[in-house]
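Peer 1: This is the content of work-v6.cif (mmCIF, C-alpha atoms):
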```
data_input
#
loop_
_atom_site.group_PDB
_atom_site.id
_atom_site.type_symbol
_atom_site.label_atom_id
_atom_site.label_comp_id
_atom_site.auth_asym_id
_atom_site.auth_seq_id
_atom_site.Cartn_x
_atom_site.Cartn_y
_atom_site.Cartn_z
ATOM 1 C CA MET A 1 -19.491 41.000 35.012
ATOM 2 C CA SER A 2 -23.253 40.730 35.422
ATOM 3 C CA ASP A 3 -24.765 37.250 35.312
ATOM 4 C CA ARG A 4 -27.105 38.391 32.553
ATOM 5 C CA TYR A 5 -24.143 38.675 30.167
ATOM 6 C CA LEU A 6 -22.851 35.141 30.819
ATOM 7 C CA PRO A 7 -25.277 33.307 28.476
ATOM 8 C CA ARG A 8 -24.483 35.800 25.696
ATOM 9 C CA LEU A 9 -20.728 35.339 26.267
ATOM 10 C CA ALA A 10 -21.069 31.565 26.244
ATOM 11 C CA GLY A 11 -22.984 31.793 22.990
ATOM 12 C CA LEU A 12 -20.279 33.943 21.412
ATOM 13 C CA VAL A 13 -17.563 31.521 22.522
ATOM 14 C CA LEU A 14 -19.521 28.568 21.116
ATOM 15 C CA ALA A 15 -20.113 30.373 17.818
ATOM 16 C CA ALA A 16 -16.439 31.276 17.546
ATOM 17 C CA SER A 17 -15.433 27.668 18.252
ATOM 18 C CA MET A 18 -17.815 26.389 15.597
ATOM 19 C CA MET A 19 -16.467 28.886 13.074
ATOM 20 C CA MET A 20 -12.889 27.829 13.843
ATOM 21 C CA ALA A 21 -13.789 24.158 13.508
ATOM 22 C CA ALA A 22 -15.542 24.793 10.192
ATOM 23 C CA SER A 23 -12.547 26.777 8.949
ATOM 24 C CA ALA A 24 -10.173 23.978 9.948
ATOM 25 C CA ALA A 25 -12.375 21.402 8.185
ATOM 26 C CA ASP A 26 -12.441 23.519 5.034
ATOM 27 C CA GLY A 27 -8.659 23.867 5.171
ATOM 28 C CA LEU A 28 -8.253 20.110 5.445
ATOM 29 C CA LYS A 29 -10.583 19.453 2.512
ATOM 30 C CA ASP A 30 -8.812 22.048 0.390
ATOM 31 C CA GLU A 31 -5.515 20.260 1.011
ATOM 32 C CA ILE A 32 -6.507 16.587 1.002
ATOM 33 C CA ALA A 33 -9.269 16.747 -1.626
ATOM 34 C CA PRO A 34 -8.515 19.776 -3.841
ATOM 35 C CA THR A 35 -10.688 18.460 -6.681
ATOM 36 C CA GLY A 36 -13.685 17.927 -4.407
ATOM 37 C CA LYS A 37 -13.037 14.175 -4.378
ATOM 38 C CA LEU A 38 -10.618 12.035 -2.403
ATOM 39 C CA ARG A 39 -8.399 10.481 -5.078
ATOM 40 C CA VAL A 40 -7.059 7.194 -3.734
ATOM 41 C CA ALA A 41 -4.095 5.642 -5.561
ATOM 42 C CA ILE A 42 -4.369 1.852 -5.849
ATOM 43 C CA ALA A 43 -2.292 -0.827 -7.593
ATOM 44 C CA ILE A 44 -4.215 -3.433 -9.606
ATOM 45 C CA SER A 45 -3.294 -7.097 -9.784
ATOM 46 C CA THR A 46 -4.682 -10.559 -9.120
ATOM 47 C CA ALA A 47 -2.283 -10.971 -6.184
ATOM 48 C CA GLY A 48 -4.588 -9.802 -3.408
ATOM 49 C CA GLY A 49 -3.302 -8.989 0.068
ATOM 50 C CA ALA A 50 -3.196 -5.870 2.195
ATOM 51 C CA PHE A 51 -1.721 -3.685 -0.551
ATOM 52 C CA TRP A 52 -3.041 -4.934 -3.902
ATOM 53 C CA SER A 53 -6.504 -4.191 -5.271
ATOM 54 C CA THR A 54 -8.428 -5.960 -8.023
ATOM 55 C CA LYS A 55 -10.643 -4.782 -10.865
ATOM 56 C CA SER A 56 -13.669 -6.745 -12.020
ATOM 57 C CA VAL A 57 -14.796 -7.192 -15.619
ATOM 58 C CA ALA A 58 -17.494 -4.625 -14.872
ATOM 59 C CA GLY A 59 -14.806 -2.134 -13.831
ATOM 60 C CA ASN A 60 -15.416 -2.253 -10.077
ATOM 61 C CA TYR A 61 -12.495 -2.129 -7.646
ATOM 62 C CA ALA A 62 -12.021 -4.239 -4.516
ATOM 63 C CA GLY A 63 -9.276 -4.514 -1.931
ATOM 64 C CA VAL A 64 -8.132 -3.345 1.488
ATOM 65 C CA PRO A 65 -7.013 0.088 0.137
ATOM 66 C CA VAL A 66 -10.363 0.397 -1.667
ATOM 67 C CA ASP A 67 -12.304 -0.132 1.566
ATOM 68 C CA LEU A 68 -10.026 2.177 3.569
ATOM 69 C CA GLY A 69 -10.192 4.906 0.928
ATOM 70 C CA LYS A 70 -13.978 4.720 0.788
ATOM 71 C CA GLU A 71 -14.277 5.126 4.563
ATOM 72 C CA MET A 72 -11.734 7.942 4.630
ATOM 73 C CA ALA A 73 -13.716 9.843 1.996
ATOM 74 C CA ALA A 74 -16.919 9.280 3.962
ATOM 75 C CA GLN A 75 -15.339 10.765 7.087
ATOM 76 C CA LEU A 76 -14.251 13.785 5.071
ATOM 77 C CA GLY A 77 -17.711 14.124 3.529
ATOM 78 C CA VAL A 78 -16.478 13.940 -0.074
ATOM 79 C CA PRO A 79 -16.860 11.349 -2.873
ATOM 80 C CA VAL A 80 -14.076 8.831 -3.432
ATOM 81 C CA GLU A 81 -12.259 8.370 -6.744
ATOM 82 C CA TYR A 82 -9.777 5.547 -7.368
ATOM 83 C CA VAL A 83 -6.668 6.213 -9.450
ATOM 84 C CA ALA A 84 -5.373 2.861 -10.684
ATOM 85 C CA TYR A 85 -1.752 1.894 -11.396
ATOM 86 C CA ASP A 86 0.070 -1.321 -12.258
ATOM 87 C CA ASN A 87 2.369 -1.258 -9.231
ATOM 88 C CA SER A 88 3.557 0.769 -6.257
ATOM 89 C CA GLY A 89 6.495 2.142 -8.243
ATOM 90 C CA GLN A 90 4.126 3.948 -10.590
ATOM 91 C CA ILE A 91 2.253 5.385 -7.613
ATOM 92 C CA THR A 92 5.591 6.662 -6.303
ATOM 93 C CA ASP A 93 6.475 8.213 -9.659
ATOM 94 C CA ALA A 94 3.190 10.152 -9.604
ATOM 95 C CA ALA A 95 3.492 11.381 -5.998
ATOM 96 C CA ALA A 96 4.592 14.911 -6.936
ATOM 97 C CA LYS A 97 2.267 15.304 -9.923
ATOM 98 C CA GLY A 98 -0.898 16.176 -7.992
ATOM 99 C CA VAL A 99 -2.891 13.286 -9.455
ATOM 100 C CA TRP A 100 -3.652 11.415 -6.211
ATOM 101 C CA ASP A 101 -4.371 12.501 -2.647
ATOM 102 C CA VAL A 102 -3.797 9.419 -0.496
ATOM 103 C CA ALA A 103 -2.306 5.971 -0.976
ATOM 104 C CA PHE A 104 -1.686 2.791 0.986
ATOM 105 C CA LEU A 105 1.626 1.281 -0.081
ATOM 106 C CA PRO A 106 4.943 -0.259 1.020
ATOM 107 C CA GLN A 107 7.301 2.211 2.671
ATOM 108 C CA ASP A 108 11.062 2.470 2.387
ATOM 109 C CA ALA A 109 13.813 5.096 2.610
ATOM 110 C CA VAL A 110 13.536 6.065 -1.062
ATOM 111 C CA ARG A 111 9.794 6.636 -0.853
ATOM 112 C CA MET A 112 10.119 8.646 2.346
ATOM 113 C CA THR A 113 11.854 11.319 0.248
ATOM 114 C CA LYS A 114 8.882 11.473 -2.133
ATOM 115 C CA MET A 115 5.853 11.268 0.184
ATOM 116 C CA SER A 116 4.894 11.414 3.853
ATOM 117 C CA PHE A 117 3.858 8.225 5.666
ATOM 118 C CA GLY A 118 1.477 7.605 8.523
ATOM 119 C CA PRO A 119 1.069 4.456 10.662
ATOM 120 C CA ILE A 120 2.223 1.070 9.399
ATOM 121 C CA TYR A 121 -0.688 -1.348 9.077
ATOM 122 C CA GLU A 122 1.013 -4.433 7.641
ATOM 123 C CA VAL A 123 4.403 -6.127 7.923
ATOM 124 C CA ALA A 124 5.331 -8.864 5.440
ATOM 125 C CA ASP A 125 8.325 -11.156 4.987
ATOM 126 C CA ALA A 126 9.936 -10.875 1.555
ATOM 127 C CA THR A 127 11.456 -13.942 -0.091
ATOM 128 C CA TYR A 128 11.593 -15.700 -3.454
ATOM 129 C CA ILE A 129 9.586 -18.302 -5.318
ATOM 130 C CA VAL A 130 11.494 -20.500 -7.784
ATOM 131 C CA LYS A 131 10.179 -22.051 -10.986
ATOM 132 C CA ALA A 132 9.000 -25.628 -11.282
ATOM 133 C CA GLY A 133 11.857 -28.102 -11.654
ATOM 134 C CA SER A 134 14.446 -25.698 -10.271
ATOM 135 C CA THR A 135 17.383 -27.068 -8.301
ATOM 136 C CA ILE A 136 17.486 -23.865 -6.227
ATOM 137 C CA THR A 137 16.709 -24.648 -2.580
ATOM 138 C CA ASN A 138 18.044 -21.634 -0.652
ATOM 139 C CA PHE A 139 19.495 -18.139 -1.004
ATOM 140 C CA ALA A 140 23.014 -19.441 -1.593
ATOM 141 C CA SER A 141 22.001 -21.533 -4.587
ATOM 142 C CA LEU A 142 19.774 -18.719 -5.867
ATOM 143 C CA ASP A 143 22.486 -16.064 -5.824
ATOM 144 C CA GLN A 144 24.525 -17.411 -8.717
ATOM 145 C CA PRO A 145 25.596 -15.926 -12.070
ATOM 146 C CA GLY A 146 23.060 -16.542 -14.817
ATOM 147 C CA VAL A 147 20.072 -16.774 -12.456
ATOM 148 C CA LYS A 148 17.236 -14.423 -13.461
ATOM 149 C CA VAL A 149 15.123 -13.017 -10.621
ATOM 150 C CA ALA A 150 12.026 -10.976 -11.442
ATOM 151 C CA ALA A 151 10.788 -8.057 -9.359
ATOM 152 C CA GLU A 152 8.204 -5.376 -9.868
ATOM 153 C CA TYR A 153 9.249 -1.974 -11.139
ATOM 154 C CA ASN A 154 10.557 0.542 -8.598
ATOM 155 C CA THR A 155 9.232 -1.345 -5.569
ATOM 156 C CA THR A 156 10.649 -1.787 -2.078
ATOM 157 C CA THR A 157 10.983 -5.518 -2.750
ATOM 158 C CA MET A 158 12.918 -4.830 -5.959
ATOM 159 C CA ARG A 159 15.354 -2.576 -4.116
ATOM 160 C CA GLY A 160 15.660 -5.163 -1.355
ATOM 161 C CA ALA A 161 16.405 -7.936 -3.857
ATOM 162 C CA VAL A 162 19.029 -5.816 -5.641
ATOM 163 C CA ALA A 163 20.762 -5.164 -2.309
ATOM 164 C CA HIS A 164 20.504 -8.807 -1.272
ATOM 165 C CA LEU A 165 21.665 -10.574 -4.424
ATOM 166 C CA LYS A 166 25.294 -10.082 -5.436
ATOM 167 C CA ASN A 167 25.491 -12.449 -8.433
ATOM 168 C CA ALA A 168 21.984 -13.221 -9.685
ATOM 169 C CA LYS A 169 20.411 -10.688 -12.045
ATOM 170 C CA VAL A 170 17.315 -8.804 -10.880
ATOM 171 C CA ILE A 171 15.023 -7.848 -13.763
ATOM 172 C CA GLU A 172 12.197 -5.329 -13.340
ATOM 173 C CA TYR A 173 8.743 -5.825 -14.830
ATOM 174 C CA GLN A 174 5.696 -3.600 -14.684
ATOM 175 C CA THR A 175 3.010 -6.016 -13.487
ATOM 176 C CA TYR A 176 2.529 -8.962 -11.178
ATOM 177 C CA ASP A 177 0.476 -10.760 -13.817
ATOM 178 C CA GLU A 178 3.292 -10.486 -16.375
ATOM 179 C CA ILE A 179 5.759 -12.026 -13.924
ATOM 180 C CA PHE A 180 3.252 -14.745 -13.011
ATOM 181 C CA ASP A 181 3.120 -15.852 -16.656
ATOM 182 C CA LEU A 182 6.903 -15.751 -17.013
ATOM 183 C CA LEU A 183 7.340 -17.937 -13.936
ATOM 184 C CA LYS A 184 4.612 -20.320 -15.064
ATOM 185 C CA ASN A 185 6.331 -20.717 -18.442
ATOM 186 C CA GLY A 186 9.757 -21.170 -16.853
ATOM 187 C CA GLU A 187 11.185 -18.048 -18.498
ATOM 188 C CA ILE A 188 12.546 -16.681 -15.213
ATOM 189 C CA ASP A 189 14.211 -18.545 -12.368
ATOM 190 C CA ALA A 190 12.609 -16.759 -9.435
ATOM 191 C CA PHE A 191 10.346 -13.923 -8.318
ATOM 192 C CA ALA A 192 10.877 -11.665 -5.297
ATOM 193 C CA LEU A 193 7.746 -10.722 -3.350
ATOM 194 C CA SER A 194 6.081 -11.083 0.042
ATOM 195 C CA ARG A 195 5.777 -14.615 1.380
ATOM 196 C CA ASP A 196 1.987 -14.623 1.710
ATOM 197 C CA GLN A 197 1.530 -13.652 -1.935
ATOM 198 C CA LEU A 198 4.141 -16.155 -3.095
ATOM 199 C CA ASN A 199 2.481 -18.927 -1.100
ATOM 200 C CA ALA A 200 -0.764 -18.146 -2.916
ATOM 201 C CA MET A 201 1.097 -18.120 -6.242
ATOM 202 C CA ALA A 202 2.668 -21.513 -5.522
ATOM 203 C CA LYS A 203 -0.810 -23.033 -5.258
ATOM 204 C CA LYS A 204 -1.596 -21.782 -8.756
ATOM 205 C CA ILE A 205 1.658 -22.906 -10.412
ATOM 206 C CA PRO A 206 2.369 -26.582 -9.596
ATOM 207 C CA GLY A 207 5.986 -27.451 -8.927
ATOM 208 C CA THR A 208 7.083 -23.986 -7.838
ATOM 209 C CA ARG A 209 8.589 -23.590 -4.379
ATOM 210 C CA VAL A 210 8.781 -20.682 -1.946
ATOM 211 C CA LEU A 211 12.154 -20.490 -0.224
ATOM 212 C CA ASP A 212 12.210 -20.711 3.574
ATOM 213 C CA GLU A 213 14.547 -17.785 4.212
ATOM 214 C CA THR A 214 13.530 -14.113 4.439
ATOM 215 C CA PHE A 215 15.665 -11.317 2.986
ATOM 216 C CA LYS A 216 13.719 -8.275 4.253
ATOM 217 C CA LYS A 217 10.649 -7.056 6.081
ATOM 218 C CA THR A 218 8.269 -5.004 3.962
ATOM 219 C CA VAL A 219 6.043 -2.529 5.802
ATOM 220 C CA THR A 220 2.888 -1.034 4.314
ATOM 221 C CA ALA A 221 1.444 2.290 5.473
ATOM 222 C CA VAL A 222 -0.869 5.137 4.560
ATOM 223 C CA ALA A 223 0.831 7.925 2.588
ATOM 224 C CA VAL A 224 0.128 11.440 1.321
ATOM 225 C CA PRO A 225 2.169 13.754 -0.953
ATOM 226 C CA LEU A 226 4.955 15.785 0.642
ATOM 227 C CA ASN A 227 4.183 19.119 2.307
ATOM 228 C CA HIS A 228 0.585 18.201 3.138
ATOM 229 C CA PRO A 229 0.624 18.516 6.956
ATOM 230 C CA LEU A 230 -3.154 18.608 7.412
ATOM 231 C CA SER A 231 -3.566 15.576 5.171
ATOM 232 C CA LEU A 232 -0.874 13.683 7.071
ATOM 233 C CA ALA A 233 -2.435 14.491 10.438
ATOM 234 C CA PHE A 234 -5.854 13.340 9.245
ATOM 235 C CA ALA A 235 -4.502 10.158 7.611
ATOM 236 C CA THR A 236 -2.484 9.339 10.732
ATOM 237 C CA LYS A 237 -5.521 9.647 12.997
ATOM 238 C CA PHE A 238 -7.667 7.726 10.510
ATOM 239 C CA MET A 239 -5.304 4.749 10.417
ATOM 240 C CA THR A 240 -4.642 4.824 14.166
ATOM 241 C CA ASP A 241 -8.396 4.642 14.727
ATOM 242 C CA ALA A 242 -8.866 2.012 11.993
ATOM 243 C CA ILE A 243 -6.356 -0.276 13.666
ATOM 244 C CA SER A 244 -7.947 0.086 17.095
ATOM 245 C CA ASN A 245 -11.673 0.207 16.262
ATOM 246 C CA GLY A 246 -11.842 -2.828 13.969
ATOM 247 C CA LEU A 247 -12.185 -1.001 10.643
ATOM 248 C CA LEU A 248 -8.908 -2.423 9.339
ATOM 249 C CA ARG A 249 -9.868 -5.909 10.525
ATOM 250 C CA LYS A 250 -13.158 -5.585 8.642
ATOM 251 C CA ALA A 251 -11.323 -4.504 5.473
ATOM 252 C CA TYR A 252 -9.079 -7.561 5.760
ATOM 253 C CA ASP A 253 -12.035 -9.875 6.307
ATOM 254 C CA ASN A 254 -13.967 -8.387 3.372
ATOM 255 C CA ASN A 255 -11.053 -9.089 1.030
ATOM 256 C CA GLY A 256 -10.174 -12.706 1.693
ATOM 257 C CA LEU A 257 -7.774 -12.116 4.585
ATOM 258 C CA LYS A 258 -9.798 -13.511 7.487
ATOM 259 C CA ASP A 259 -6.907 -15.718 8.565
ATOM 260 C CA ALA A 260 -4.273 -12.997 8.161
ATOM 261 C CA PRO A 261 -3.155 -11.293 11.390
ATOM 262 C CA ILE A 262 -2.807 -7.526 11.437
ATOM 263 C CA ARG A 263 0.887 -6.769 11.904
ATOM 264 C CA THR A 264 1.907 -3.205 12.703
ATOM 265 C CA GLN A 265 5.525 -3.816 13.755
#
```
Go ahead and render the structure in this file as structure tokens.
Peer 2:
Amino acid sequence: MSDRYLPRLAGLVLAASMMMAASAADGLKDEIAPTGKLRVAIAISTAGGAFWSTKSVAGNYAGVPVDLGKEMAAQLGVPVEYVAYDNSGQITDAAAKGVWDVAFLPQDAVRMTKMSFGPIYEVADATYIVKAGSTITNFASLDQPGVKVAAEYNTTTMRGAVAHLKNAKVIEYQTYDEIFDLLKNGEIDAFALSRDQLNAMAKKIPGTRVLDETFKKTVTAVAVPLNHPLSLAFATKFMTDAISNGLLRKAYDNNGLKDAPIRTQ
């Protein structure tokens, strides 16, 4: 082949590569943001942490998933839209309804049949907090007939508590704030949740006590609806990079978690 054709060939190869890349990008956007926006499912509560988000009086959202979703949308070149729920169970229920595109939520075997998960970005110890004045000091004294333990609807912690407790009754509620009030008023005996969130709750409700034992590890990860391979590949790379390049650390720091280590296993 004559040397004079080489520049033209190189140009054709470059143009073809750019067209393929553009086509792949369009395919990803069609799958992960079919409405033209990246719809990020978030759960609203006053609990805080790596999973929960908050909503201000003005209607603005804040939280680790809020920051991660905003950056993910920016990398895709689309606007972000937050789809708010009361808990992770409601997000799970909506996974097959086409109403959200990405979420950051606790993972377990049940949820793995309803959505696809990427890298874990937080690991938390699940335990119980008991009401003020309670004589319960450990799991053995908690797991007794007549003891009422609250858990949030359709969550990994709820399923863990049901499996763990053989005699105490686990009662599901829709919101963290509802359970907070019940515990504060002494209407329930205990609440199952992650230790860091329960420690924060104990500071707000004098006399309550967080038990020392742990009944399960709860892992939180990025998730997309089932049968979205391009979305899963993108979300996996996004979170892998976020863990290594400091983006996740920044999201933690921006949301009151400066002293919280990032636990991925």
Peer 1: Apply the PyMOL selection byres ((chain A and resi 184) around 9) to the displayed file and report the matching residues as a tab-separated table (two decimals) with C-alpha atoms, keeping the file's coordinate frame.
Peer 2:
```tsv
chain	number	residue	atom	x	y	z
A	131	LYS	CA	10.18	-22.05	-10.99
A	132	ALA	CA	9.00	-25.63	-11.28
A	179	ILE	CA	5.76	-12.03	-13.92
A	180	PHE	CA	3.25	-14.74	-13.01
A	181	ASP	CA	3.12	-15.85	-16.66
A	182	LEU	CA	6.90	-15.75	-17.01
A	183	LEU	CA	7.34	-17.94	-13.94
A	185	ASN	CA	6.33	-20.72	-18.44
A	186	GLY	CA	9.76	-21.17	-16.85
A	187	GLU	CA	11.18	-18.05	-18.50
A	188	ILE	CA	12.55	-16.68	-15.21
A	204	LYS	CA	-1.60	-21.78	-8.76
A	205	ILE	CA	1.66	-22.91	-10.41
A	206	PRO	CA	2.37	-26.58	-9.60
A	208	THR	CA	7.08	-23.99	-7.84
```
Peer 1: How many Å separate CA of Ile120 in chain A from CA of Thr220 in chain A?
Peer 2: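 These two atoms are separated by 5.5 Å.
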Peer 1: Taking every listed atom of range 105-114 of chain A and adding 4 Å to each side, what centre and edge lengths in Å (one decimal) does the axis-aligned box have, as AutoDock Vina command-line options?
Peer 2:
```
--center_x 7.7 --center_y 5.6 --center_z 0.3 --size_x 20.2 --size_y 19.7 --size_z 12.8
```
Peer 1: I'd like a table as JSON lines: residues in range 227-254 of chain A with an atom no more than 12 Å from range 262-265 of chain A, each row giving the shortest atom pair and its distance in Å to one decimal, only C-alpha atoms counted, sorted by chain and rising residue number.
Peer 2:
```
{"residue": "A:Met239", "atom": "CA", "partner": "A:Thr264", "partner_atom": "CA", "distance": 11.0}
{"residue": "A:Thr240", "atom": "CA", "partner": "A:Thr264", "partner_atom": "CA", "distance": 10.5}
{"residue": "A:Ala242", "atom": "CA", "partner": "A:Ile262", "partner_atom": "CA", "distance": 11.3}
{"residue": "A:Ile243", "atom": "CA", "partner": "A:Ile262", "partner_atom": "CA", "distance": 8.4}
{"residue": "A:Ser244", "atom": "CA", "partner": "A:Ile262", "partner_atom": "CA", "distance": 10.8}
{"residue": "A:Gly246", "atom": "CA", "partner": "A:Ile262", "partner_atom": "CA", "distance": 10.5}
{"residue": "A:Leu247", "atom": "CA", "partner": "A:Ile262", "partner_atom": "CA", "distance": 11.5}
{"residue": "A:Leu248", "atom": "CA", "partner": "A:Ile262", "partner_atom": "CA", "distance": 8.2}
{"residue": "A:Arg249", "atom": "CA", "partner": "A:Ile262", "partner_atom": "CA", "distance": 7.3}
{"residue": "A:Lys250", "atom": "CA", "partner": "A:Ile262", "partner_atom": "CA", "distance": 10.9}
{"residue": "A:Ala251", "atom": "CA", "partner": "A:Ile262", "partner_atom": "CA", "distance": 10.8}
{"residue": "A:Tyr252", "atom": "CA", "partner": "A:Ile262", "partner_atom": "CA", "distance": 8.5}
{"residue": "A:Asp253", "atom": "CA", "partner": "A:Ile262", "partner_atom": "CA", "distance": 10.8}
```
Peer 1: What's the separation between CA of Ser53 in chain A and CA of Phe117 in chain A, in Å to one decimal place?
Peer 2: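 Atom-to-atom, CA of Ser53 in chain A and CA of Phe117 in chain A are spaced 19.5 Å apart.
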Peer 1: Which is closer to Gln75 in chain A than all the others in A:Val149, A:Ala58, A:Val110, A:Leu28, using all atoms listed in the file?
Peer 2: A:Leu28
Peer 1: Taking the file as shown, what set of residues would the PyMOL selection byres ((chain A and resi 138-145) around 8) give back, as a list in words?
Peer 2: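 Listing what the PyMOL selection byres ((chain A and resi 138-145) around 8) selects in the shown file: Ile136, Thr137, Gly146, Val147, Leu165, Lys166, Asn167, Ala168, Lys169, Leu211, Asp212 and Glu213 of chain A.
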Peer 1: Report as a count of residues only the residues that result from applying the PyMOL selection byres ((chain A and resi 78-89) around 7) to the structure here.
Peer 2: 25
Peer 1: Go ahead and find all residues with at least one atom no further than 8 Å from (-5.7, -1.5, -1.0) in the file's coordinates, using only C-alpha atoms; report them as a list in words.
Peer 2: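 Within 8 Å of (-5.7, -1.5, -1.0), the protein and nucleic acid residues are Ile42, Ala43, Gly49, Ala50, Phe51, Trp52, Ser53, Ala62, Gly63, Val64, Pro65, Val66, Asp67, Leu68, Phe104 and Leu105 of chain A.
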Peer 1: Figure out the distance between CA of Glu172 in chain A and CA of Ala47 in chain A, please, to one decimal in Å.
Peer 2: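 If I compute the distance from CA of Ala47 in chain A to CA of Glu172 in chain A, I get 17.1 Å.
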Peer 1: Counting all atoms listed in the file, figure out which residue out of A:Glu152, A:Glu71, A:Asp241, A:Asp30 gets nearest to Tyr121 in chain A.
Peer 2: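 Between A:Glu152, A:Glu71, A:Asp241, A:Asp30, the residue approaching Tyr121 in chain A most closely is A:Asp241.
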Peer 1: Rank A:Met72, A:Arg209, A:Ala223, A:Tyr61 by their smallest atom-to-atom distance to Ser45 in chain A, using only C-alpha atoms, and report the top residue only.
Peer 2: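 Closest candidate: A:Tyr61.
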Peer 1: So, with all atoms listed in the file as the atoms that count, which of A:Ala103, A:Ala192, A:Ala202, A:Leu232 lies closest to Tyr128 in chain A?
Peer 2: A:Ala192
Peer 1: I need the residue nearest Met112 in chain A from this list: A:Thr156, A:Asn255, A:Thr127, A:Asn245. Use all atoms listed in the file for the distance.
Peer 2: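 The shortest atom-to-atom distance to Met112 in chain A comes from A:Thr156.
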Peer 1: Considering all atoms listed in the file, can you say which of A:Asn227, A:Gln197, A:Thr218, A:Thr35 comes closest to Gln107 in chain A?
Peer 2: A:Thr218
